[in-house]
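J.: This is target-v4.csv (CSV, C-alpha atoms).
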chain,number,residue,atom,x,y,z
A,913,MET,CA,-27.2,14.0,11.7
A,914,ASN,CA,-27.5,14.4,15.5
A,915,THR,CA,-26.8,18.0,16.6
A,916,ASN,CA,-24.3,16.7,19.2
A,917,SER,CA,-22.4,14.8,16.5
A,918,PHE,CA,-18.7,14.6,16.7
A,919,TYR,CA,-18.6,16.1,13.2
A,920,GLU,CA,-20.8,19.2,13.8
A,921,ALA,CA,-19.0,22.2,12.3
A,922,LYS,CA,-19.8,24.3,15.4
A,923,TRP,CA,-17.3,22.4,17.5
A,924,ARG,CA,-14.4,23.4,15.4
A,925,ASP,CA,-15.6,26.8,14.2
A,926,GLY,CA,-15.7,28.1,17.8
A,927,ASP,CA,-13.6,27.5,20.9
A,928,PHE,CA,-14.9,24.2,22.1
A,929,ARG,CA,-13.1,21.3,23.8
A,930,PRO,CA,-14.0,17.7,24.6
A,931,LYS,CA,-16.0,17.1,27.8
A,932,ILE,CA,-16.4,13.7,29.4
A,933,MET,CA,-20.1,13.0,30.0
A,934,ALA,CA,-19.8,9.4,31.4
A,935,TYR,CA,-17.3,6.6,31.8
A,936,TYR,CA,-17.1,3.2,33.4
A,937,TYR,CA,-15.2,-0.1,33.5
A,938,LYS,CA,-17.4,-3.2,33.4
A,939,GLN,CA,-17.2,-6.9,32.8
A,940,TRP,CA,-20.1,-8.3,30.9
A,941,GLU,CA,-21.1,-12.0,30.5
A,942,ASP,CA,-24.2,-13.5,28.9
A,943,PHE,CA,-25.5,-10.1,28.1
A,944,HIS,CA,-27.7,-9.0,25.1
A,945,MET,CA,-28.3,-5.3,25.2
A,946,GLY,CA,-31.2,-3.8,23.3
A,947,PHE,CA,-30.7,-1.3,20.5
A,948,HIS,CA,-30.2,2.2,21.9
A,949,GLN,CA,-28.3,5.4,21.1
A,950,HIS,CA,-26.5,8.1,23.0
A,951,ASP,CA,-26.6,11.9,22.8
A,952,TRP,CA,-22.9,11.9,22.8
A,953,THR,CA,-20.0,10.2,21.0
A,954,GLU,CA,-18.9,7.0,22.7
A,955,PHE,CA,-15.6,5.0,22.9
A,956,MET,CA,-15.8,1.3,23.7
A,957,TYR,CA,-12.5,-0.4,24.3
A,958,VAL,CA,-12.1,-4.2,24.9
A,959,ILE,CA,-9.7,-4.8,27.8
A,960,SER,CA,-10.1,-8.6,27.7
A,961,GLY,CA,-12.4,-11.2,26.2
A,962,ASN,CA,-14.6,-10.9,23.1
A,963,CYS,CA,-17.9,-9.3,22.3
A,964,THR,CA,-20.0,-8.2,19.4
A,965,VAL,CA,-21.2,-4.6,18.7
A,966,GLU,CA,-24.1,-4.4,16.3
A,967,THR,CA,-25.2,-1.1,14.7
A,968,ASN,CA,-28.0,-0.4,12.4
A,969,LYS,CA,-25.6,-1.0,9.5
A,970,ASP,CA,-23.1,-3.6,10.6
A,971,VAL,CA,-22.2,-6.4,13.0
A,972,ILE,CA,-18.7,-6.0,14.4
A,973,ALA,CA,-16.8,-8.7,16.2
A,974,MET,CA,-14.5,-7.2,18.9
A,975,ARG,CA,-11.6,-8.7,20.8
A,976,LYS,CA,-8.9,-7.6,23.3
A,977,GLY,CA,-7.1,-4.4,22.1
A,978,ASP,CA,-10.0,-3.3,19.7
A,979,LEU,CA,-11.5,0.2,19.9
A,980,ILE,CA,-14.8,1.3,18.4
A,981,MET,CA,-16.0,4.9,18.3
A,982,LEU,CA,-19.7,5.5,17.8
A,983,ASP,CA,-21.0,8.9,16.8
A,984,ALA,CA,-23.8,10.5,18.7
A,985,GLY,CA,-27.2,9.2,17.6
A,986,VAL,CA,-25.9,5.9,16.1
A,987,PRO,CA,-28.2,3.0,17.1
A,988,HIS,CA,-26.2,0.1,18.6
A,989,ARG,CA,-26.2,-2.8,21.0
A,990,LEU,CA,-23.6,-4.9,22.8
A,991,ILE,CA,-23.7,-8.7,22.8
A,992,VAL,CA,-21.6,-10.9,25.1
A,993,GLU,CA,-22.0,-14.6,24.9
A,994,SER,CA,-22.4,-16.9,27.9
A,995,GLY,CA,-19.1,-18.4,29.1
A,996,SER,CA,-17.0,-15.8,27.3
A,997,PRO,CA,-16.9,-12.7,29.6
A,998,CYS,CA,-15.8,-9.4,28.1
A,999,ARG,CA,-14.3,-6.5,30.2
A,1000,MET,CA,-14.7,-3.1,28.6
A,1001,LEU,CA,-13.9,0.5,29.2
A,1002,ASN,CA,-16.6,3.0,27.9
A,1003,VAL,CA,-16.2,6.7,27.6
A,1004,GLU,CA,-18.9,9.1,26.4
A,1005,PHE,CA,-17.9,12.6,25.5
A,1006,GLY,CA,-19.3,15.8,24.1
A,1007,PHE,CA,-18.1,19.4,23.9
A,1008,GLN,CA,-18.1,22.5,26.0
A,1009,PRO,CA,-16.6,26.1,25.7
A,1010,CYS,CA,-12.9,26.1,26.4
A,1011,ASP,CA,-13.2,28.6,29.3
A,1012,GLY,CA,-9.4,29.2,29.1
A,1013,ILE,CA,-8.6,25.5,29.0
A,1014,TYR,CA,-7.1,24.5,25.6
A,1015,PRO,CA,-6.4,22.9,23.1
A,1016,SER,CA,-9.7,23.5,21.3
A,1017,MET,CA,-11.2,21.4,18.5
A,1018,SER,CA,-10.3,24.1,16.0
A,1019,GLN,CA,-6.7,24.1,17.1
A,1020,LEU,CA,-6.5,20.4,16.8
A,1021,ALA,CA,-8.0,20.5,13.3
A,1022,ASN,CA,-5.9,23.4,12.1
A,1023,HIS,CA,-2.6,22.0,13.3
A,1024,ASN,CA,-3.0,18.3,12.7
A,1025,PRO,CA,-3.9,17.3,9.1
A,1026,MET,CA,-4.8,13.7,10.0
A,1027,PHE,CA,-7.3,14.8,12.6
A,1028,SER,CA,-8.7,17.4,10.2
A,1029,LYS,CA,-9.1,14.6,7.6
A,1030,LEU,CA,-10.9,12.4,10.2
A,1031,LEU,CA,-13.4,15.2,10.7
A,1032,GLU,CA,-13.9,15.5,6.9
A,1033,GLN,CA,-14.7,11.8,6.6
A,1034,ARG,CA,-17.7,12.0,9.0
A,1035,LEU,CA,-17.5,8.3,9.8
A,1036,ASP,CA,-20.4,7.4,12.1
A,1037,THR,CA,-18.6,4.2,13.2
A,1038,ILE,CA,-14.8,3.8,13.5
A,1039,VAL,CA,-13.2,0.5,14.4
A,1040,LEU,CA,-9.4,0.2,15.2
A,1041,ARG,CA,-8.0,-3.3,15.5
A,1042,ASP,CA,-5.4,-4.5,18.0
A,1043,TYR,CA,-4.1,-1.2,19.3
A,1044,GLU,CA,-3.4,-2.0,22.9
A,1045,ASP,CA,-1.4,1.2,23.4
A,1046,ILE,CA,-4.7,3.1,23.3
A,1047,GLN,CA,-5.5,1.4,26.6
A,1048,VAL,CA,-2.7,3.4,28.3
A,1049,ASN,CA,-4.3,6.6,27.2
A,1050,LEU,CA,-7.7,5.6,28.3
A,1051,ARG,CA,-6.6,4.4,31.7
A,1052,ASN,CA,-4.7,7.6,32.3
A,1053,LEU,CA,-7.9,9.4,31.3
A,1054,VAL,CA,-10.0,7.4,33.7
A,1055,PHE,CA,-7.4,7.9,36.5
A,1056,GLU,CA,-7.7,11.6,36.1
A,1057,LEU,CA,-11.5,11.5,36.1
A,1058,ASP,CA,-11.4,9.4,39.4
A,1059,LEU,CA,-9.3,12.0,41.2
A,1060,GLY,CA,-11.3,13.9,43.8
A,1061,GLY,CA,-10.8,16.3,46.5
A,1062,GLU,CA,-10.9,20.1,47.1
A,1063,GLY,CA,-8.8,22.2,44.7
A,1064,LYS,CA,-8.2,19.4,42.2
A,1065,GLU,CA,-11.1,20.1,39.9
A,1066,GLN,CA,-9.3,22.6,37.6
A,1067,GLY,CA,-6.1,20.5,37.3
A,1068,ARG,CA,-8.3,17.5,36.5
A,1069,GLU,CA,-10.2,19.3,33.8
A,1070,MET,CA,-6.9,20.4,32.2
A,1071,MET,CA,-5.5,16.9,32.2
A,1072,THR,CA,-8.6,15.2,31.0
A,1073,ASN,CA,-8.9,17.7,28.1
A,1074,LEU,CA,-5.2,17.1,27.2
A,1075,LEU,CA,-5.7,13.3,27.4
A,1076,MET,CA,-8.9,13.4,25.3
A,1077,SER,CA,-7.2,15.6,22.8
A,1078,GLN,CA,-4.3,13.2,22.6
A,1079,LEU,CA,-6.7,10.3,22.1
A,1080,LEU,CA,-8.6,12.0,19.3
A,1081,VAL,CA,-5.5,13.0,17.5
A,1082,ARG,CA,-4.2,9.4,17.9
A,1083,VAL,CA,-7.5,8.0,16.5
A,1084,GLY,CA,-7.2,10.4,13.5
A,1085,ARG,CA,-3.7,9.2,12.8
A,1086,LEU,CA,-4.7,5.5,13.1
A,1087,VAL,CA,-7.7,5.9,10.9
A,1088,THR,CA,-5.5,7.5,8.2
A,1089,VAL,CA,-2.9,4.7,8.5
A,1090,GLU,CA,-5.6,2.0,8.4
A,1091,ALA,CA,-7.2,3.6,5.3
A,1092,LYS,CA,-3.8,3.7,3.6
A,1093,ASN,CA,-3.0,0.1,4.5
A,1094,SER,CA,-6.4,-1.0,3.3
A,1095,THR,CA,-5.9,0.8,0.0
A,1096,GLU,CA,-2.4,-0.7,-0.4
A,1097,ARG,CA,-3.7,-4.2,0.3
A,1098,GLN,CA,-6.3,-3.8,-2.4
A,1099,ILE,CA,-3.8,-2.5,-4.8
A,1100,HIS,CA,-1.5,-5.4,-4.1
A,1101,HIS,CA,-4.5,-7.7,-4.7
A,1102,TYR,CA,-5.1,-6.3,-8.1
A,1103,VAL,CA,-1.5,-6.4,-9.1
A,1104,ARG,CA,-1.2,-10.0,-7.9
A,1105,GLN,CA,-4.3,-10.9,-10.0
A,1106,ALA,CA,-2.8,-9.2,-13.0
A,1107,THR,CA,0.5,-11.1,-12.7
A,1108,GLU,CA,-1.3,-14.4,-12.2
A,1109,TYR,CA,-3.4,-13.7,-15.4
A,1110,ILE,CA,-0.2,-12.9,-17.3
A,1111,HIS,CA,1.5,-16.1,-16.2
A,1112,GLN,CA,-1.6,-18.1,-17.2
A,1113,TYR,CA,-2.1,-16.5,-20.7
A,1114,TYR,CA,1.4,-15.3,-21.7
A,1115,ASP,CA,1.3,-17.8,-24.5
A,1116,THR,CA,-1.7,-16.1,-26.1
A,1117,ALA,CA,-2.0,-12.8,-27.9
A,1118,ILE,CA,-3.0,-10.9,-24.7
A,1119,GLN,CA,-2.8,-7.1,-24.3
A,1120,ALA,CA,-3.0,-4.8,-21.3
A,1121,LYS,CA,-6.7,-4.1,-22.0
A,1122,ASP,CA,-7.4,-7.9,-21.7
A,1123,ILE,CA,-5.5,-8.1,-18.3
A,1124,ALA,CA,-7.4,-5.0,-17.0
A,1125,ALA,CA,-10.7,-6.5,-18.0
A,1126,ALA,CA,-9.8,-9.8,-16.2
A,1127,VAL,CA,-9.2,-7.9,-12.9
A,1128,ASN,CA,-12.1,-5.4,-13.4
A,1129,LEU,CA,-10.0,-2.3,-13.5
A,1130,HIS,CA,-9.7,0.6,-16.0
A,1131,PRO,CA,-6.5,-0.1,-18.1
A,1132,VAL,CA,-5.0,3.3,-17.3
A,1133,TYR,CA,-5.4,2.8,-13.6
A,1134,LEU,CA,-4.0,-0.8,-13.7
A,1135,GLN,CA,-1.0,0.4,-15.7
A,1136,ARG,CA,-0.3,3.0,-13.1
A,1137,ILE,CA,-0.5,0.8,-10.0
A,1138,PHE,CA,1.3,-2.1,-11.8
A,1139,LYS,CA,4.2,0.2,-12.7
A,1140,SER,CA,4.3,1.6,-9.2
A,1141,ASN,CA,4.4,-1.8,-7.5
A,1142,MET,CA,6.4,-3.8,-10.0
A,1143,ASN,CA,8.8,-1.1,-11.3
A,1144,LYS,CA,8.0,-2.1,-14.8
A,1145,THR,CA,5.0,-1.7,-17.2
A,1146,ILE,CA,2.6,-4.5,-17.9
A,1147,ASN,CA,4.1,-4.9,-21.4
A,1148,GLU,CA,7.7,-5.0,-20.0
A,1149,TYR,CA,6.6,-7.7,-17.5
A,1150,LEU,CA,5.0,-9.7,-20.2
A,1151,VAL,CA,8.0,-9.4,-22.5
A,1152,ASP,CA,10.4,-10.5,-19.7
A,1153,LEU,CA,8.2,-13.5,-18.9
A,1154,ARG,CA,8.0,-14.5,-22.6
A,1155,ILE,CA,11.8,-14.2,-23.1
A,1156,ASP,CA,12.4,-16.3,-19.9
A,1157,LYS,CA,10.0,-19.0,-21.3
A,1158,ALA,CA,11.8,-18.8,-24.7
A,1159,LYS,CA,15.1,-19.3,-23.0
A,1160,MET,CA,13.8,-22.4,-21.2
A,1161,LEU,CA,12.4,-23.8,-24.4
A,1162,LEU,CA,15.7,-23.2,-26.3
A,1163,ALA,CA,17.9,-24.6,-23.5
A,1164,ARG,CA,15.8,-27.6,-22.3
A,1165,THR,CA,13.7,-28.8,-25.2
A,1166,ASP,CA,14.0,-29.7,-28.9
A,1167,VAL,CA,11.2,-27.4,-30.0
A,1168,PRO,CA,12.3,-25.9,-33.4
A,1169,ILE,CA,13.4,-22.3,-33.1
A,1170,ILE,CA,10.9,-21.3,-35.7
A,1171,GLU,CA,8.1,-22.6,-33.5
A,1172,VAL,CA,9.3,-21.0,-30.2
A,1173,ALA,CA,7.5,-17.8,-31.1
A,1174,ASP,CA,4.1,-19.6,-31.2
A,1175,HIS,CA,4.8,-21.2,-27.8
A,1176,ILE,CA,5.3,-17.8,-26.1
A,1177,GLY,CA,2.4,-16.0,-27.7
A,1178,LEU,CA,4.1,-14.1,-30.4
A,1179,ASN,CA,2.6,-14.5,-33.9
A,1180,SER,CA,5.7,-13.2,-35.7
A,1181,ARG,CA,8.8,-15.3,-35.8
A,1182,GLN,CA,10.8,-12.3,-37.2
A,1183,TYR,CA,9.6,-10.1,-34.3
A,1184,PHE,CA,10.5,-12.9,-31.9
A,1185,SER,CA,14.1,-13.1,-33.2
A,1186,MET,CA,14.5,-9.3,-33.1
A,1187,LEU,CA,13.0,-9.1,-29.6
A,1188,PHE,CA,15.1,-12.0,-28.2
A,1189,LYS,CA,18.3,-10.4,-29.5
A,1190,LYS,CA,17.4,-7.0,-28.1
A,1191,MET,CA,16.8,-8.6,-24.7
A,1192,THR,CA,19.7,-11.0,-24.5
A,1193,GLY,CA,22.3,-9.6,-26.9
A,1194,ILE,CA,22.3,-12.8,-29.0
A,1195,SER,CA,20.0,-14.6,-31.5
A,1196,PRO,CA,17.8,-17.5,-30.4
A,1197,ALA,CA,20.1,-19.9,-32.4
A,1198,GLU,CA,23.2,-18.6,-30.7
A,1199,TYR,CA,21.5,-18.9,-27.3
A,1200,ARG,CA,20.6,-22.6,-28.0
A,1201,LYS,CA,24.0,-23.3,-29.3
A,1202,SER,CA,25.7,-21.8,-26.2
A,1203,LYS,CA,23.4,-23.8,-23.9
A,1204,ASN,CA,24.0,-27.0,-25.9
A,1205,THR,CA,27.8,-26.5,-25.6
A,1206,ILE,CA,27.6,-26.0,-21.9
A,1207,SER,CA,25.4,-29.1,-21.6
A,1208,SER,CA,27.9,-31.1,-23.6
A,1209,TRP,CA,30.8,-30.1,-21.4
A,1210,ASN,CA,28.8,-30.9,-18.3
A,1211,ASP,CA,27.9,-34.3,-19.7
A,1212,TYR,CA,31.6,-34.9,-20.5
A,1213,GLU,CA,32.6,-33.9,-17.0
A,1214,VAL,CA,30.0,-36.2,-15.5
A,1215,GLU,CA,31.2,-39.1,-17.7
A,1216,ILE,CA,34.8,-38.6,-16.6
A,1217,VAL,CA,33.9,-38.5,-13.0
A,1218,ASP,CA,31.9,-41.6,-13.4
A,1219,ASN,CA,34.8,-43.4,-15.0
A,1220,ILE,CA,37.3,-42.5,-12.2
Please render this file's structure as structure tokens.
T.:
Amino acid sequence: MNTNSFYEAKWRDGDFRPKIMAYYYKQWEDFHMGFHQHDWTEFMYVISGNCTVETNKDVIAMRKGDLIMLDAGVPHRLIVESGSPCRMLNVEFGFQPCDGIYPSMSQLANHNPMFSKLLEQRLDTIVLRDYEDIQVNLRNLVFELDLGGEGKEQGREMMTNLLMSQLLVRVGRLVTVEAKNSTERQIHHYVRQATEYIHQYYDTAIQAKDIAAAVNLHPVYLQRIFKSNMNKTINEYLVDLRIDKAKMLLARTDVPIIEVADHIGLNSRQYFSMLFKKMTGISPAEYRKSKNTISSWNDYEVEIVDNI
């Protein structure tokens, strides 16, 4: 790793703070940059338009509101197509001794768990999508950097350090949120796959291990995320579905009660009757009779209405 890397332990072990090495606004069009790398960490923010940032590992499509952070030493290039201009704000930063101007990297890491976690992840490329509020922070930062004149240097340094610290903490928070959202989306995907499989094969003798194999997860892990998301176990969900299907068959079809068990994937008619009564409070026969009685009364009412 580059010795100027954002993640070098020396920056947070001692009293070091961020230092802006270079910054610029620029609009690019029909531009294909060659691969290069910087000695310092770089922020690239898309103010308007679209572009592509290519690293030695990935090709990243960028649009308005997107931010990418490239660690020192990461080979990359910018591509902007003809007829589709892209306006960007770039900031390169490193570190320098605090010299009485705080907060330091160690203070940020010690007092902000999300920022500390960001440092632990050591991501050489970070992409944050559609966070236009970051632009406010970056513009304020550039405004301070543009301030000139005698006697303003110390105040400018203090403000730029505060704004850079705010930006880094914000990035740490957003990376944590993005990671959590990504994990939750993946979990929801697995749970949805599991429920779809159950609905497709409820009428067979499936077990939790079969469902886990179908979604390529360990059964214990699937059971845990399923219960967390659905507020019931896989078996409870399967039983509820089977009983709902049995109710439908009893109320709307002439399938013999002794065959309903086979239709919902239970190989024991005695177990089906016991389970049905446990779940509904009445036997399958009583349930069918109650539904047939209601249907008869409904038919009678319809007939009366039709005869009026």
J.: What's the 10 Å shell around stretch 1149-1166 of chain A, counting only C-alpha atoms, without same-chain residues fewer than 3 positions away, as a VMD selection string?
T.: chain A and resid 1107 1110 to 1111 1113 to 1115 1118 to 1120 1138 to 1139 1142 to 1146 1169 1172 to 1173 1175 to 1178 1184 1187 to 1189 1191 to 1192 1196 to 1204 1206 to 1207
J.: Find the residue from A:Met945, A:Tyr936, A:Phe1055, A:Leu1031 that sits nearest to A:Asn1002; use only C-alpha atoms when measuring.
T.: A:Tyr936
J.: Would you list the contacts of A:Thr1037 as a ChimeraX atom specification, taking every protein, DNA or RNA residue within 7 Å and counting all atoms listed in the file, but skipping same-chain residues closer than 3 positions in sequence?
T.: /A:981-983
J.: With all atoms listed in the file as the counted atoms, please give the residues lying no more than 12 Å from A:Arg1085, apart from itself and same-chain residues fewer than 2 positions off, as a PDB file with C-alpha atoms, in the coordinates of the input.
T.:
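Contents of out29.pdb, freshly written:
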ATOM      1  CA  ASN A1024      -3.000  18.300  12.700  1.00  0.00           C
ATOM      2  CA  PRO A1025      -3.900  17.300   9.100  1.00  0.00           C
ATOM      3  CA  MET A1026      -4.800  13.700  10.000  1.00  0.00           C
ATOM      4  CA  PHE A1027      -7.300  14.800  12.600  1.00  0.00           C
ATOM      5  CA  SER A1028      -8.700  17.400  10.200  1.00  0.00           C
ATOM      6  CA  LYS A1029      -9.100  14.600   7.600  1.00  0.00           C
ATOM      7  CA  LEU A1030     -10.900  12.400  10.200  1.00  0.00           C
ATOM      8  CA  LEU A1031     -13.400  15.200  10.700  1.00  0.00           C
ATOM      9  CA  LEU A1040      -9.400   0.200  15.200  1.00  0.00           C
ATOM     10  CA  GLN A1078      -4.300  13.200  22.600  1.00  0.00           C
ATOM     11  CA  LEU A1079      -6.700  10.300  22.100  1.00  0.00           C
ATOM     12  CA  LEU A1080      -8.600  12.000  19.300  1.00  0.00           C
ATOM     13  CA  VAL A1081      -5.500  13.000  17.500  1.00  0.00           C
ATOM     14  CA  ARG A1082      -4.200   9.400  17.900  1.00  0.00           C
ATOM     15  CA  VAL A1083      -7.500   8.000  16.500  1.00  0.00           C
ATOM     16  CA  VAL A1087      -7.700   5.900  10.900  1.00  0.00           C
ATOM     17  CA  THR A1088      -5.500   7.500   8.200  1.00  0.00           C
ATOM     18  CA  VAL A1089      -2.900   4.700   8.500  1.00  0.00           C
ATOM     19  CA  GLU A1090      -5.600   2.000   8.400  1.00  0.00           C
ATOM     20  CA  ALA A1091      -7.200   3.600   5.300  1.00  0.00           C
ATOM     21  CA  LYS A1092      -3.800   3.700   3.600  1.00  0.00           C
TER      22      LYS A1092
END
J.: Which residues come within 8 Å of A:Gly961, counting all atoms listed in the file, excluding same-chain residues fewer than 5 positions away, as an MDAnalysis selection string?
T.: chainID A and resid 975:976 996:999
J.: Find, counting only C-alpha atoms, the residue in A:Met1076, A:Val1054, A:Ala973, A:Val1127 that gets nearest to A:Ser1016.
T.: A:Met1076
